[in-house]
>>> print(open('data17.txt').read())   # compact mmCIF, C-alpha atoms
# COMPACT_ATOMS: atom_id res chain seq x y z
CA MET A 1 0.00 0.00 0.00
CA SER A 2 1.49 3.27 -0.97
CA LYS A 3 -0.80 5.56 1.00
CA THR A 4 -0.62 6.39 4.62
CA SER A 5 -3.76 7.29 6.47
CA LYS A 6 -2.57 10.67 7.67
CA THR A 7 -0.91 13.36 5.65
CA ASP A 8 0.79 16.47 6.89
CA VAL A 9 -0.72 19.91 7.10
CA ASP A 10 -0.17 21.63 3.77
CA GLU A 11 1.07 25.15 3.18
CA LEU A 12 -2.47 26.54 3.22
CA GLY A 13 -3.22 24.88 6.52
CA PHE A 14 -5.36 22.08 5.09
CA GLY A 15 -4.95 18.60 6.44
CA PRO A 16 -3.97 16.30 7.83
CA PHE A 17 -6.34 14.35 5.62
CA ASP A 18 -7.92 11.38 7.28
CA ILE A 19 -8.00 9.18 4.21
CA GLY A 20 -6.68 5.76 3.34
CA PRO A 21 -6.37 2.66 5.55
CA ASP A 22 -5.73 3.42 9.22
CA GLY A 23 -4.60 0.03 10.48
CA THR A 24 -7.95 -1.03 11.95
CA GLU A 25 -9.05 -2.87 8.80
CA SER A 26 -10.21 -6.46 8.71
CA GLU A 27 -8.24 -8.84 6.52
CA LEU A 28 -10.93 -8.62 3.84
CA GLU A 29 -10.79 -4.82 3.91
CA ARG A 30 -7.02 -4.95 3.52
CA ASP A 31 -7.50 -7.16 0.46
CA VAL A 32 -10.02 -4.67 -0.92
CA TRP A 33 -7.48 -1.86 -0.49
CA ALA A 34 -4.80 -3.98 -2.17
CA ASN A 35 -7.09 -4.68 -5.14
CA LEU A 36 -8.11 -1.05 -5.46
CA ASP A 37 -4.41 -0.22 -5.54
CA GLN A 38 -4.22 -2.31 -8.73
CA ILE A 39 -6.77 -0.19 -10.61
CA PRO A 40 -4.97 2.29 -12.84
CA ASP A 41 -6.31 5.80 -13.11
CA PRO A 42 -7.56 5.86 -16.73
CA HIS A 43 -5.74 9.09 -17.45
CA ILE A 44 -2.70 9.20 -15.21
CA PRO A 45 -0.05 6.52 -14.61
CA LEU A 46 -0.97 5.93 -10.95
CA SER A 47 -3.46 3.65 -9.24
CA LEU A 48 -6.66 5.07 -7.76
CA VAL A 49 -5.18 4.52 -4.29
CA GLU A 50 -1.92 6.23 -5.23
CA MET A 51 -4.01 9.09 -6.63
CA ALA A 52 -5.57 9.37 -3.13
CA MET A 53 -9.02 9.06 -4.65
CA ILE A 54 -10.10 6.23 -2.35
CA TYR A 55 -10.92 7.82 0.98
CA ASP A 56 -12.36 4.90 2.90
CA VAL A 57 -13.33 1.25 2.61
CA GLU A 58 -15.69 -0.62 4.86
CA VAL A 59 -17.00 -4.11 4.30
CA ASP A 60 -20.22 -4.63 6.25
CA ARG A 61 -21.37 -7.90 7.78
CA ASP A 62 -23.35 -8.79 4.65
CA GLY A 63 -20.17 -8.59 2.58
CA VAL A 64 -21.03 -5.31 0.87
CA ALA A 65 -17.95 -3.19 0.21
CA ASN A 66 -18.71 0.46 0.88
CA VAL A 67 -16.12 2.55 -0.90
CA ASP A 68 -15.79 6.32 -0.42
CA VAL A 69 -14.32 7.81 -3.55
CA SER A 70 -13.48 11.35 -4.50
CA PHE A 71 -12.30 12.89 -7.75
CA PRO A 72 -9.60 15.46 -8.46
CA CYS A 73 -12.15 17.47 -10.42
CA MET A 74 -15.94 17.49 -10.39
CA GLY A 75 -16.13 17.12 -14.16
CA CYS A 76 -13.89 14.06 -14.18
CA PRO A 77 -13.79 12.72 -17.77
CA ALA A 78 -13.41 9.17 -16.49
CA TYR A 79 -16.15 9.30 -13.83
CA GLU A 80 -18.07 6.41 -15.31
CA PHE A 81 -14.99 4.29 -16.13
CA ILE A 82 -13.73 4.59 -12.58
CA HIS A 83 -17.07 3.46 -11.17
CA ASP A 84 -17.06 0.50 -13.57
CA ASP A 85 -13.49 -0.40 -12.67
CA ILE A 86 -14.12 -0.36 -8.94
CA ARG A 87 -17.25 -2.49 -9.27
CA GLY A 88 -15.57 -4.87 -11.72
CA CYS A 89 -12.51 -5.23 -9.53
CA LEU A 90 -14.27 -5.91 -6.23
CA ARG A 91 -17.33 -7.83 -7.41
CA THR A 92 -15.36 -11.02 -8.05
CA MET A 93 -13.57 -11.08 -4.69
CA ASP A 94 -14.30 -13.92 -2.29
CA GLY A 95 -16.41 -12.60 0.57
CA ILE A 96 -17.68 -9.56 -1.33
CA THR A 97 -21.39 -9.72 -2.15
CA GLY A 98 -21.91 -6.19 -3.40
CA VAL A 99 -20.18 -2.89 -4.05
CA ASP A 100 -21.57 0.43 -2.92
CA ILE A 101 -19.67 3.47 -4.16
CA ASP A 102 -20.22 6.76 -2.39
CA VAL A 103 -18.74 9.79 -4.11
CA VAL A 104 -17.67 12.25 -1.45
CA TRP A 105 -16.31 15.77 -1.76
CA ASP A 106 -15.20 16.26 1.82
CA PRO A 107 -12.32 16.63 2.22
CA VAL A 108 -11.86 18.21 -1.18
CA TRP A 109 -9.21 16.23 -3.08
CA SER A 110 -5.89 17.98 -3.08
CA LYS A 111 -2.54 17.18 -4.66
CA ASP A 112 -1.15 17.53 -1.17
CA MET A 113 -2.67 14.10 -0.58
CA LEU A 114 -0.13 12.53 -2.96
CA ASP A 115 2.81 10.87 -1.29
CA ASP A 116 6.42 11.12 -2.45
CA ASP A 117 6.30 7.94 -4.57
CA ALA A 118 3.24 9.17 -6.40
CA ARG A 119 4.86 12.55 -7.00
CA GLU A 120 7.96 10.92 -8.39
CA LYS A 121 5.92 8.75 -10.77
CA LEU A 122 4.07 11.81 -12.04
CA ARG A 123 7.32 13.68 -12.58
CA GLU A 124 8.76 10.76 -14.52
CA SER A 125 5.81 10.74 -16.87
CA GLY A 126 6.06 14.46 -17.53
CA ILE A 127 3.14 15.64 -15.40
CA ALA A 128 3.86 18.80 -13.41
CA LEU A 129 2.40 19.23 -9.95
CA MET B 130 32.03 8.75 -27.63
CA SER B 131 30.82 9.58 -31.10
CA ALA B 132 32.26 12.39 -33.16
CA ASN B 133 30.59 15.72 -33.85
CA PRO B 134 27.73 15.10 -36.32
CA ALA B 135 29.12 17.81 -38.57
CA THR B 136 32.09 15.57 -39.37
CA LEU B 137 29.97 12.46 -39.90
CA THR B 138 28.40 11.35 -43.15
CA GLU B 139 24.67 10.65 -43.02
CA GLU B 140 25.46 6.95 -43.48
CA GLU B 141 27.84 6.90 -40.52
CA PHE B 142 25.27 8.70 -38.38
CA LYS B 143 22.56 6.23 -39.40
CA GLU B 144 24.81 3.37 -38.38
CA GLN B 145 25.41 4.86 -34.94
CA LEU B 146 21.66 5.32 -34.49
CA GLN B 147 20.98 1.73 -35.53
CA ASN B 148 23.45 0.71 -32.82
CA GLY B 149 21.35 2.46 -30.20
CA LYS B 150 22.71 6.01 -30.14
CA MET B 151 20.24 8.52 -28.65
CA VAL B 152 20.00 12.14 -29.75
CA GLU B 153 19.34 14.83 -27.13
CA SER B 154 19.50 18.10 -29.04
CA GLU B 155 19.82 19.86 -32.37
CA ALA B 156 23.60 20.17 -31.90
CA GLU B 157 23.90 16.39 -32.00
CA MET B 158 22.02 15.98 -35.32
CA THR B 159 23.08 15.77 -38.92
CA GLU B 160 21.07 17.87 -41.39
CA GLY B 161 19.47 14.74 -42.79
CA TYR B 162 18.34 13.60 -39.36
CA LYS B 163 16.92 17.01 -38.54
CA LYS B 164 14.98 17.15 -41.77
CA ALA B 165 13.48 13.68 -41.29
CA LEU B 166 12.62 14.39 -37.65
CA LYS B 167 10.97 17.72 -38.41
CA GLN B 168 8.90 16.14 -41.14
CA ILE B 169 7.40 13.45 -38.91
CA LEU B 170 7.00 15.82 -35.95
CA LEU B 171 5.02 18.24 -38.10
CA VAL B 172 2.69 15.48 -39.30
CA SER B 173 2.22 14.40 -35.70
CA ALA B 174 1.66 17.95 -34.39
CA ASP B 175 -0.80 18.82 -37.16
CA THR B 176 -2.66 15.54 -36.73
CA GLU B 177 -3.06 16.03 -32.99
CA LEU B 178 -4.12 19.65 -33.44
CA MET B 179 -6.61 19.05 -36.25
CA SER B 180 -8.28 16.16 -34.43
CA ALA B 181 -9.57 18.75 -31.97
CA PRO B 182 -11.88 20.65 -34.36
CA ALA B 183 -12.78 17.36 -36.02
CA TYR B 184 -13.98 16.00 -32.67
CA TYR B 185 -15.51 19.23 -31.42
CA GLU B 186 -19.00 19.42 -32.90
CA GLN B 187 -20.12 15.89 -32.12
CA SER B 188 -18.62 16.03 -28.63
CA LEU B 189 -21.33 18.54 -27.82
CA ASN B 190 -23.84 16.05 -29.15
CA ALA B 191 -22.84 13.32 -26.69
CA PRO B 192 -25.79 11.43 -25.21
CA SER B 193 -24.89 11.92 -21.53
CA LEU B 194 -23.03 14.37 -19.36
CA ASP B 195 -20.37 11.72 -18.59
CA ALA B 196 -19.89 11.00 -22.28
CA ARG B 197 -19.64 14.69 -23.03
CA ALA B 198 -17.06 15.23 -20.29
CA SER B 199 -15.03 12.34 -21.74
CA CYS B 200 -15.28 13.71 -25.29
CA VAL B 201 -14.28 17.22 -24.28
CA SER B 202 -11.39 15.81 -22.26
CA VAL B 203 -10.20 13.96 -25.35
CA ILE B 204 -10.10 17.29 -27.22
CA GLN B 205 -8.18 18.90 -24.39
CA ASP B 206 -5.66 16.03 -24.45
CA GLU B 207 -5.25 16.26 -28.23
CA LEU B 208 -4.51 19.99 -28.00
CA GLY B 209 -1.95 19.16 -25.31
CA HIS B 210 -0.35 16.52 -27.52
CA GLY B 211 -0.22 18.98 -30.40
CA HIS B 212 1.40 21.50 -28.08
CA ILE B 213 4.09 18.97 -27.12
CA ALA B 214 4.96 18.26 -30.76
CA TYR B 215 5.00 21.96 -31.78
CA ARG B 216 7.13 22.69 -28.72
CA LEU B 217 9.61 20.02 -29.86
CA LEU B 218 9.63 21.65 -33.30
CA GLU B 219 10.46 24.94 -31.63
CA ASP B 220 13.66 23.34 -30.28
CA LEU B 221 14.53 22.64 -33.92
CA GLY B 222 14.15 26.24 -35.02
CA GLU B 223 10.47 26.42 -35.99
CA ASP B 224 8.08 29.07 -34.71
CA ARG B 225 5.04 27.56 -32.98
CA GLU B 226 2.84 30.61 -33.44
CA ASP B 227 3.74 30.73 -37.11
CA LEU B 228 3.03 27.05 -37.65
CA ILE B 229 -0.40 27.23 -36.07
CA PHE B 230 -1.68 30.63 -37.17
CA ASN B 231 0.18 31.64 -40.32
CA ARG B 232 -0.23 28.64 -42.57
CA GLU B 233 -2.94 28.21 -45.15
CA PRO B 234 -5.30 25.26 -44.57
CA HIS B 235 -3.76 23.25 -47.43
CA GLU B 236 -0.32 23.64 -45.85
CA PHE B 237 -1.26 21.49 -42.85
CA HIS B 238 0.11 17.96 -42.88
CA ASN B 239 -2.40 16.19 -40.66
CA THR B 240 -3.67 12.78 -41.58
CA TYR B 241 -6.45 12.85 -44.19
CA GLY B 242 -8.91 11.33 -41.71
CA PHE B 243 -9.04 14.62 -39.83
CA ASP B 244 -9.98 16.46 -43.01
CA GLN B 245 -13.35 14.69 -42.93
CA HIS B 246 -16.63 15.88 -41.47
CA ILE B 247 -17.64 13.85 -38.46
CA ASP B 248 -21.39 13.88 -38.75
CA ASN B 249 -22.83 12.00 -35.78
CA PHE B 250 -21.89 10.63 -32.37
CA ALA B 251 -21.30 7.10 -33.74
CA GLU B 252 -18.73 8.52 -36.16
CA LEU B 253 -17.06 10.39 -33.30
CA VAL B 254 -16.64 7.32 -31.10
CA CYS B 255 -15.50 5.25 -34.10
CA ALA B 256 -12.88 7.94 -34.75
CA HIS B 257 -11.77 7.57 -31.12
CA GLY B 258 -11.77 3.79 -31.52
CA LEU B 259 -10.12 3.50 -34.94
CA PHE B 260 -8.16 6.70 -35.55
CA ASP B 261 -6.86 7.07 -32.00
CA ARG B 262 -5.87 3.41 -32.20
CA ALA B 263 -3.88 4.27 -35.33
CA GLY B 264 -2.32 7.18 -33.43
CA ILE B 265 -1.38 4.85 -30.55
CA THR B 266 0.13 2.37 -33.00
CA LEU B 267 2.29 5.05 -34.62
CA LEU B 268 3.25 6.91 -31.45
CA GLY B 269 3.66 3.72 -29.41
CA ASP B 270 6.31 2.59 -31.87
CA ILE B 271 8.06 5.95 -31.63
CA HIS B 272 7.80 5.91 -27.83
CA GLU B 273 9.45 2.51 -27.75
CA ASN B 274 12.00 2.83 -30.51
CA THR B 275 12.84 6.42 -31.31
CA SER B 276 16.40 7.73 -31.16
CA TYR B 277 15.16 11.26 -30.32
CA ALA B 278 15.21 11.26 -26.52
CA PRO B 279 13.09 14.40 -25.87
CA TRP B 280 10.24 12.95 -27.95
CA LYS B 281 10.52 9.59 -26.24
CA ARG B 282 10.19 11.22 -22.80
CA ALA B 283 7.26 13.38 -23.87
CA LEU B 284 5.35 10.40 -25.23
CA THR B 285 4.99 8.71 -21.82
CA LYS B 286 2.18 11.11 -20.96
CA VAL B 287 0.73 11.07 -24.48
CA SER B 288 0.52 7.28 -24.62
CA LYS B 289 -1.38 7.03 -21.35
CA GLU B 290 -3.88 9.65 -22.47
CA GLU B 291 -4.39 8.03 -25.87
CA GLN B 292 -5.24 4.79 -24.06
CA PHE B 293 -8.07 6.65 -22.36
CA HIS B 294 -9.38 7.91 -25.73
CA LEU B 295 -9.29 4.41 -27.09
CA ARG B 296 -11.13 2.99 -24.11
CA HIS B 297 -13.76 5.69 -24.42
CA GLY B 298 -14.13 5.00 -28.15
CA GLU B 299 -14.32 1.23 -27.82
CA THR B 300 -16.69 1.40 -24.85
CA TRP B 301 -19.11 3.49 -26.85
CA MET B 302 -18.68 1.49 -30.06
CA ARG B 303 -19.57 -1.65 -28.09
CA ARG B 304 -22.48 0.07 -26.39
CA LEU B 305 -23.95 1.34 -29.67
CA ALA B 306 -23.33 -1.97 -31.44
CA ASN B 307 -25.23 -3.81 -28.69
CA LYS B 308 -28.04 -1.32 -28.13
CA ASN B 309 -30.28 -1.86 -31.13
CA GLU B 310 -30.16 -2.39 -34.89
CA THR B 311 -30.33 1.32 -35.65
CA THR B 312 -27.36 2.26 -33.46
CA LYS B 313 -25.43 -0.77 -34.66
CA ALA B 314 -26.02 0.31 -38.27
CA LYS B 315 -24.59 3.75 -37.43
CA VAL B 316 -21.40 2.13 -36.15
CA GLN B 317 -21.20 -0.05 -39.24
CA GLU B 318 -21.64 2.96 -41.54
CA ALA B 319 -18.88 4.82 -39.73
CA VAL B 320 -16.49 1.85 -39.82
CA ASP B 321 -17.24 1.39 -43.53
CA TRP B 322 -15.50 4.64 -44.40
CA MET B 323 -13.07 4.95 -41.49
CA PHE B 324 -11.52 1.51 -41.66
CA PRO B 325 -10.02 1.89 -45.16
CA MET B 326 -8.99 5.44 -44.28
CA ALA B 327 -7.05 4.17 -41.26
CA LEU B 328 -5.37 1.54 -43.46
CA GLU B 329 -4.19 4.31 -45.80
CA TRP B 330 -2.96 6.38 -42.85
CA PHE B 331 0.06 4.08 -42.41
CA GLY B 332 1.23 5.08 -45.87
CA LEU B 333 2.98 3.45 -48.79
CA PRO B 334 3.48 -0.33 -48.61
CA ASP B 335 7.08 -1.30 -47.84
CA ASP B 336 7.72 -2.70 -51.31
CA LYS B 337 6.80 0.66 -52.86
CA LYS B 338 9.20 2.65 -50.71
CA GLN B 339 12.70 3.09 -52.08
CA HIS B 340 14.17 4.01 -48.72
CA ASP B 341 12.81 5.26 -45.45
CA ASP B 342 14.89 7.92 -43.69
CA GLN B 343 12.68 7.78 -40.62
CA LEU B 344 13.52 4.10 -40.18
CA GLU B 345 17.17 4.50 -41.12
CA TYR B 346 17.62 7.30 -38.61
CA ARG B 347 15.59 5.22 -36.13
CA ILE B 348 13.16 8.07 -35.60
CA LYS B 349 10.63 5.24 -35.71
CA GLY B 350 11.21 1.52 -35.37
CA LEU B 351 8.57 -0.27 -37.43
CA SER B 352 7.87 -0.08 -41.16
CA ASN B 353 4.56 1.07 -42.63
CA ASP B 354 3.39 -2.48 -43.30
CA GLU B 355 4.40 -3.64 -39.82
CA LEU B 356 2.45 -0.77 -38.28
CA ARG B 357 -0.56 -1.48 -40.51
CA GLN B 358 -0.48 -5.14 -39.44
CA ASP B 359 -0.18 -4.12 -35.80
CA TRP B 360 -3.23 -1.88 -36.10
CA MET B 361 -5.27 -4.63 -37.78
CA ASP B 362 -4.10 -7.14 -35.19
CA ARG B 363 -5.73 -5.04 -32.47
CA THR B 364 -8.68 -3.64 -34.40
CA LEU B 365 -10.06 -6.71 -36.18
CA PRO B 366 -10.61 -8.89 -33.10
CA PHE B 367 -12.44 -5.99 -31.46
CA LEU B 368 -14.70 -5.38 -34.47
CA ASP B 369 -15.35 -9.10 -34.65
CA GLU B 370 -16.32 -9.16 -30.97
CA ILE B 371 -18.90 -6.39 -31.41
CA GLY B 372 -20.23 -7.87 -34.65
CA ILE B 373 -19.07 -5.13 -37.02
CA ASP B 374 -17.78 -6.05 -40.50
CA CYS B 375 -14.67 -4.70 -42.14
CA PRO B 376 -12.93 -5.41 -45.46
CA ALA B 377 -9.97 -7.40 -44.09
CA HIS B 378 -9.38 -10.83 -42.57
CA TYR B 379 -6.71 -12.92 -40.92
CA ASP B 380 -5.03 -15.37 -43.27
CA GLU B 381 -3.90 -18.42 -41.29
CA GLU B 382 -1.49 -19.64 -43.94
CA ALA B 383 0.22 -16.31 -44.45
CA ASP B 384 -0.01 -15.60 -40.71
CA GLU B 385 -1.01 -12.04 -41.35
CA TYR B 386 -4.00 -9.80 -41.95
CA VAL B 387 -5.04 -9.41 -45.56
CA ILE B 388 -7.02 -6.53 -47.04
CA ASP B 389 -10.05 -7.78 -49.00
CA TYR B 390 -9.74 -5.34 -51.88
CA GLU B 391 -7.11 -4.11 -54.22
CA PHE B 392 -5.51 -1.57 -51.88
CA PRO B 393 -5.62 1.44 -52.35
CA VAL B 394 -8.90 2.48 -54.01
CA ALA B 395 -10.70 5.69 -54.95
CA PHE B 396 -12.66 7.60 -52.33
CA ASP B 397 -15.86 9.55 -52.97
CA GLU B 398 -15.37 12.42 -50.53
CA ALA B 399 -18.85 13.90 -50.85
CA ASN B 400 -20.56 10.64 -49.88
CA LYS B 401 -17.79 9.23 -47.71
CA GLU B 402 -17.79 6.05 -49.78
CA TRP B 403 -14.91 3.92 -50.97
CA ARG B 404 -15.11 2.72 -54.58
CA PHE B 405 -13.74 -0.75 -53.96
CA ASP B 406 -13.92 -1.64 -57.67
CA GLU B 407 -11.77 1.35 -58.61
CA PRO B 408 -8.12 0.71 -57.63
CA ILE B 409 -5.77 3.69 -57.80
CA SER B 410 -2.03 4.23 -57.47
CA TRP B 411 -0.27 5.53 -54.37
CA ASP B 412 0.56 8.66 -56.38
CA ASP B 413 -3.20 9.20 -56.65
CA VAL B 414 -3.59 8.71 -52.90
CA ILE B 415 -0.85 11.24 -52.20
CA ASP B 416 -2.45 13.69 -54.65
CA ARG B 417 -5.77 13.27 -52.80
CA TRP B 418 -4.05 13.89 -49.46
CA ARG B 419 -2.23 16.95 -50.80
CA ALA B 420 -5.47 18.41 -52.16
CA ARG B 421 -6.75 18.07 -48.56
CA GLY B 422 -10.18 16.77 -47.62
CA PRO B 423 -13.61 18.44 -47.45
CA ALA B 424 -13.42 19.78 -43.86
CA ASN B 425 -9.81 21.00 -44.02
CA GLU B 426 -10.61 24.70 -44.40
CA LYS B 427 -13.39 24.66 -41.84
CA TYR B 428 -11.22 22.96 -39.22
CA VAL B 429 -8.16 25.14 -39.78
CA ASN B 430 -10.34 28.24 -39.64
CA LEU B 431 -11.89 27.03 -36.41
CA ILE B 432 -8.43 26.75 -34.85
CA GLN B 433 -7.07 29.96 -36.33
CA SER B 434 -10.09 32.10 -35.51
CA GLY B 435 -8.99 31.66 -31.90
CA LYS B 436 -12.54 31.43 -30.67
CA ILE B 437 -15.39 29.03 -30.99
CA ASP B 438 -19.05 29.99 -31.18
CA VAL B 439 -20.66 27.59 -28.77
CA MET B 440 -24.10 27.98 -30.26
CA PRO B 441 -24.57 28.01 -34.03
>>> encode(input="data17.txt", output="structure tokens")
Amino acid sequence: MSKTSKTDVDELGFGPFDIGPDGTESELERDVWANLDQIPDPHIPLSLVEMAMIYDVEVDRDGVANVDVSFPCMGCPAYEFIHDDIRGCLRTMDGITGVDIDVVWDPVWSKDMLDDDAREKLRESGIAL
Amino acid sequence: MSANPATLTEEEFKEQLQNGKMVESEAEMTEGYKKALKQILLVSADTELMSAPAYYEQSLNAPSLDARASCVSVIQDELGHGHIAYRLLEDLGEDREDLIFNREPHEFHNTYGFDQHIDNFAELVCAHGLFDRAGITLLGDIHENTSYAPWKRALTKVSKEEQFHLRHGETWMRRLANKNETTKAKVQEAVDWMFPMALEWFGLPDDKKQHDDQLEYRIKGLSNDELRQDWMDRTLPFLDEIGIDCPAHYDEEADEYVIDYEFPVAFDEANKEWRFDEPISWDDVIDRWRARGPANEKYVNLIQSGKIDVMP
């Protein structure tokens, strides 16, 4: 997993952002995070987890994965693809009976949520931060 | 290390490049290399740029807000890709402003496909599916094989974005092909004229080319026929899967894709119809390209006017 659950306060005073796994996950939830980390952003050479777009994962007792997702911009051109990818990725997992995606805008996604590895990958592919 | 290119013959320079030499800047190029590089960069820049006005009108006709956001994002990407290629040309002594705003429409070197009117949403997504696939085939080869290091680095971002365009195009082609007979027929009609146009895009067959500077200087790595095969190898199985016909098939014995007509043939621009019983020469094809297609002036004017009227 490349994301940590807490990020530092940014230069504008935002953060720390309480996103990502926080160490209290069940084994199944950890597997869900690991699988989400395999889904490439359709536009940018990072996974959805590396892009800090997955805020929270909770698998309830019925096996439904509740995934809180946010987007770097409200008019995301890949909005539908990303929903499809998350559903397609989790639906086939053992122990998962359903996928419920909740798009959240709080906290507002910020590039300050990207960790150093993610930043380096973006730089290598010619994307300025 | 290698000698100053000014003291090398073109043949010696080609040999170094074939042995893996990378070029970082204009100072490291021979005149021949620079000329060949500028030629292919200009075609690439113009093709990326002119895809934007070609895609524009029908993007606003997308059937959902998500689809429209995707389509508009494709245009934004294409303008960005054009910018990258013009910027690389600027390193080689060209003026970006001049190239974009001070050329006549017929002086643009974009692929002929982006001189065509795209008349409905099915045509737009087929262009994303077929033409962007051709773009990925061409640029993917350059990304992997080119000796010009700044272009290679720039293409990492371009390749990823083109994959998104392709996914968008193929998702919608599949959706329309599966929806009902009417929408499927629209996809078929679009593929009928776009498929042969994409085949032509890869250019002269290898046996008709005397020599290929772009290959010899390793600006690209694969020949026209290899690229055409690569495109068919990815496109035909997809069309087959969604039940759309095209005039080519895989020949088991020859272990390659074969075009089902005497390639190339005449094109009726006004009706967007190929005259499959009217074979022409490659000189004729090049004359047709040089004369530019029916939407060339409109698209160049749209770019050069610097503004777009959102409502007609």
>>> closest_atom_pairs(input="data17.txt", of="chain B", to="chain A", cutoff="7 Å", atoms="only C-alpha atoms", output="tab-separated table")
residue	atom	partner	partner_atom	distance
B:Asp195	CA	A:Glu80	CA	6.7
B:Ala198	CA	A:Pro77	CA	4.8
B:Ser199	CA	A:Pro77	CA	4.2
B:Ser202	CA	A:Pro77	CA	6.0
B:Ala283	CA	A:Gly126	CA	6.5
B:Thr285	CA	A:Ser125	CA	5.4
B:Lys286	CA	A:Ser125	CA	5.5
B:Lys289	CA	A:His43	CA	6.2
B:Glu290	CA	A:His43	CA	5.4
B:Phe293	CA	A:Pro42	CA	5.7
>>> closest_atom_pairs(input="data17.txt", of="stretch 137-235 of chain B", to="stretch 333-349 of chain B", cutoff="8 Å", atoms="all atoms listed in the file", output="JSON lines")
{"residue": "B:Phe142", "atom": "CA", "partner": "B:Tyr346", "partner_atom": "CA", "distance": 7.8}
{"residue": "B:Lys143", "atom": "CA", "partner": "B:Tyr346", "partner_atom": "CA", "distance": 5.1}
{"residue": "B:Leu146", "atom": "CA", "partner": "B:Tyr346", "partner_atom": "CA", "distance": 6.1}
{"residue": "B:Gln147", "atom": "CA", "partner": "B:Arg347", "partner_atom": "CA", "distance": 6.4}
{"residue": "B:Tyr162", "atom": "CA", "partner": "B:Tyr346", "partner_atom": "CA", "distance": 6.4}
{"residue": "B:Ala165", "atom": "CA", "partner": "B:Gln343", "partner_atom": "CA", "distance": 6.0}
{"residue": "B:Leu166", "atom": "CA", "partner": "B:Ile348", "partner_atom": "CA", "distance": 6.7}
{"residue": "B:Ile169", "atom": "CA", "partner": "B:Gln343", "partner_atom": "CA", "distance": 7.9}
>>> residues_around(input="data17.txt", residues="A:Gly20", least_positions_apart="4", cutoff="12 Å", atoms="only C-alpha atoms", output="PDB file with C-alpha atoms, in the frame of the given file")
ATOM      1  CA  MET A   1       0.000   0.000   0.000  1.00  0.00           C
ATOM      2  CA  SER A   2       1.490   3.270  -0.970  1.00  0.00           C
ATOM      3  CA  LYS A   3      -0.800   5.560   1.000  1.00  0.00           C
ATOM      4  CA  THR A   4      -0.620   6.390   4.620  1.00  0.00           C
ATOM      5  CA  SER A   5      -3.760   7.290   6.470  1.00  0.00           C
ATOM      6  CA  LYS A   6      -2.570  10.670   7.670  1.00  0.00           C
ATOM      7  CA  THR A   7      -0.910  13.360   5.650  1.00  0.00           C
ATOM      8  CA  PRO A  16      -3.970  16.300   7.830  1.00  0.00           C
ATOM      9  CA  THR A  24      -7.950  -1.030  11.950  1.00  0.00           C
ATOM     10  CA  GLU A  25      -9.050  -2.870   8.800  1.00  0.00           C
ATOM     11  CA  GLU A  29     -10.790  -4.820   3.910  1.00  0.00           C
ATOM     12  CA  ARG A  30      -7.020  -4.950   3.520  1.00  0.00           C
ATOM     13  CA  VAL A  32     -10.020  -4.670  -0.920  1.00  0.00           C
ATOM     14  CA  TRP A  33      -7.480  -1.860  -0.490  1.00  0.00           C
ATOM     15  CA  ALA A  34      -4.800  -3.980  -2.170  1.00  0.00           C
ATOM     16  CA  LEU A  36      -8.110  -1.050  -5.460  1.00  0.00           C
ATOM     17  CA  ASP A  37      -4.410  -0.220  -5.540  1.00  0.00           C
ATOM     18  CA  LEU A  48      -6.660   5.070  -7.760  1.00  0.00           C
ATOM     19  CA  VAL A  49      -5.180   4.520  -4.290  1.00  0.00           C
ATOM     20  CA  GLU A  50      -1.920   6.230  -5.230  1.00  0.00           C
ATOM     21  CA  MET A  51      -4.010   9.090  -6.630  1.00  0.00           C
ATOM     22  CA  ALA A  52      -5.570   9.370  -3.130  1.00  0.00           C
ATOM     23  CA  MET A  53      -9.020   9.060  -4.650  1.00  0.00           C
ATOM     24  CA  ILE A  54     -10.100   6.230  -2.350  1.00  0.00           C
ATOM     25  CA  TYR A  55     -10.920   7.820   0.980  1.00  0.00           C
ATOM     26  CA  ASP A  56     -12.360   4.900   2.900  1.00  0.00           C
ATOM     27  CA  VAL A  57     -13.330   1.250   2.610  1.00  0.00           C
ATOM     28  CA  GLU A  58     -15.690  -0.620   4.860  1.00  0.00           C
ATOM     29  CA  VAL A  67     -16.120   2.550  -0.900  1.00  0.00           C
ATOM     30  CA  ASP A  68     -15.790   6.320  -0.420  1.00  0.00           C
ATOM     31  CA  VAL A  69     -14.320   7.810  -3.550  1.00  0.00           C
ATOM     32  CA  SER A  70     -13.480  11.350  -4.500  1.00  0.00           C
ATOM     33  CA  MET A 113      -2.670  14.100  -0.580  1.00  0.00           C
ATOM     34  CA  LEU A 114      -0.130  12.530  -2.960  1.00  0.00           C
ATOM     35  CA  ASP A 115       2.810  10.870  -1.290  1.00  0.00           C
TER      36      ASP A 115
END
>>> residues_near_point(input="data17.txt", point="(-8.4, 29.7, -32.1)", cutoff="12 Å", atoms="only C-alpha atoms", output="PyMOL selection string")
chain B and resi 178-179+181-182+208+226+229-230+428-438
>>> write_last_selection(input="data17.txt", atoms="C-alpha atoms", output="compact mmCIF listing (two decimals), in the frame of the given file")
# COMPACT_ATOMS: atom_id res chain seq x y z
CA LEU B 178 -4.12 19.65 -33.44
CA MET B 179 -6.61 19.05 -36.25
CA ALA B 181 -9.57 18.75 -31.97
CA PRO B 182 -11.88 20.65 -34.36
CA LEU B 208 -4.51 19.99 -28.00
CA GLU B 226 2.84 30.61 -33.44
CA ILE B 229 -0.40 27.23 -36.07
CA PHE B 230 -1.68 30.63 -37.17
CA TYR B 428 -11.22 22.96 -39.22
CA VAL B 429 -8.16 25.14 -39.78
CA ASN B 430 -10.34 28.24 -39.64
CA LEU B 431 -11.89 27.03 -36.41
CA ILE B 432 -8.43 26.75 -34.85
CA GLN B 433 -7.07 29.96 -36.33
CA SER B 434 -10.09 32.10 -35.51
CA GLY B 435 -8.99 31.66 -31.90
CA LYS B 436 -12.54 31.43 -30.67
CA ILE B 437 -15.39 29.03 -30.99
CA ASP B 438 -19.05 29.99 -31.18
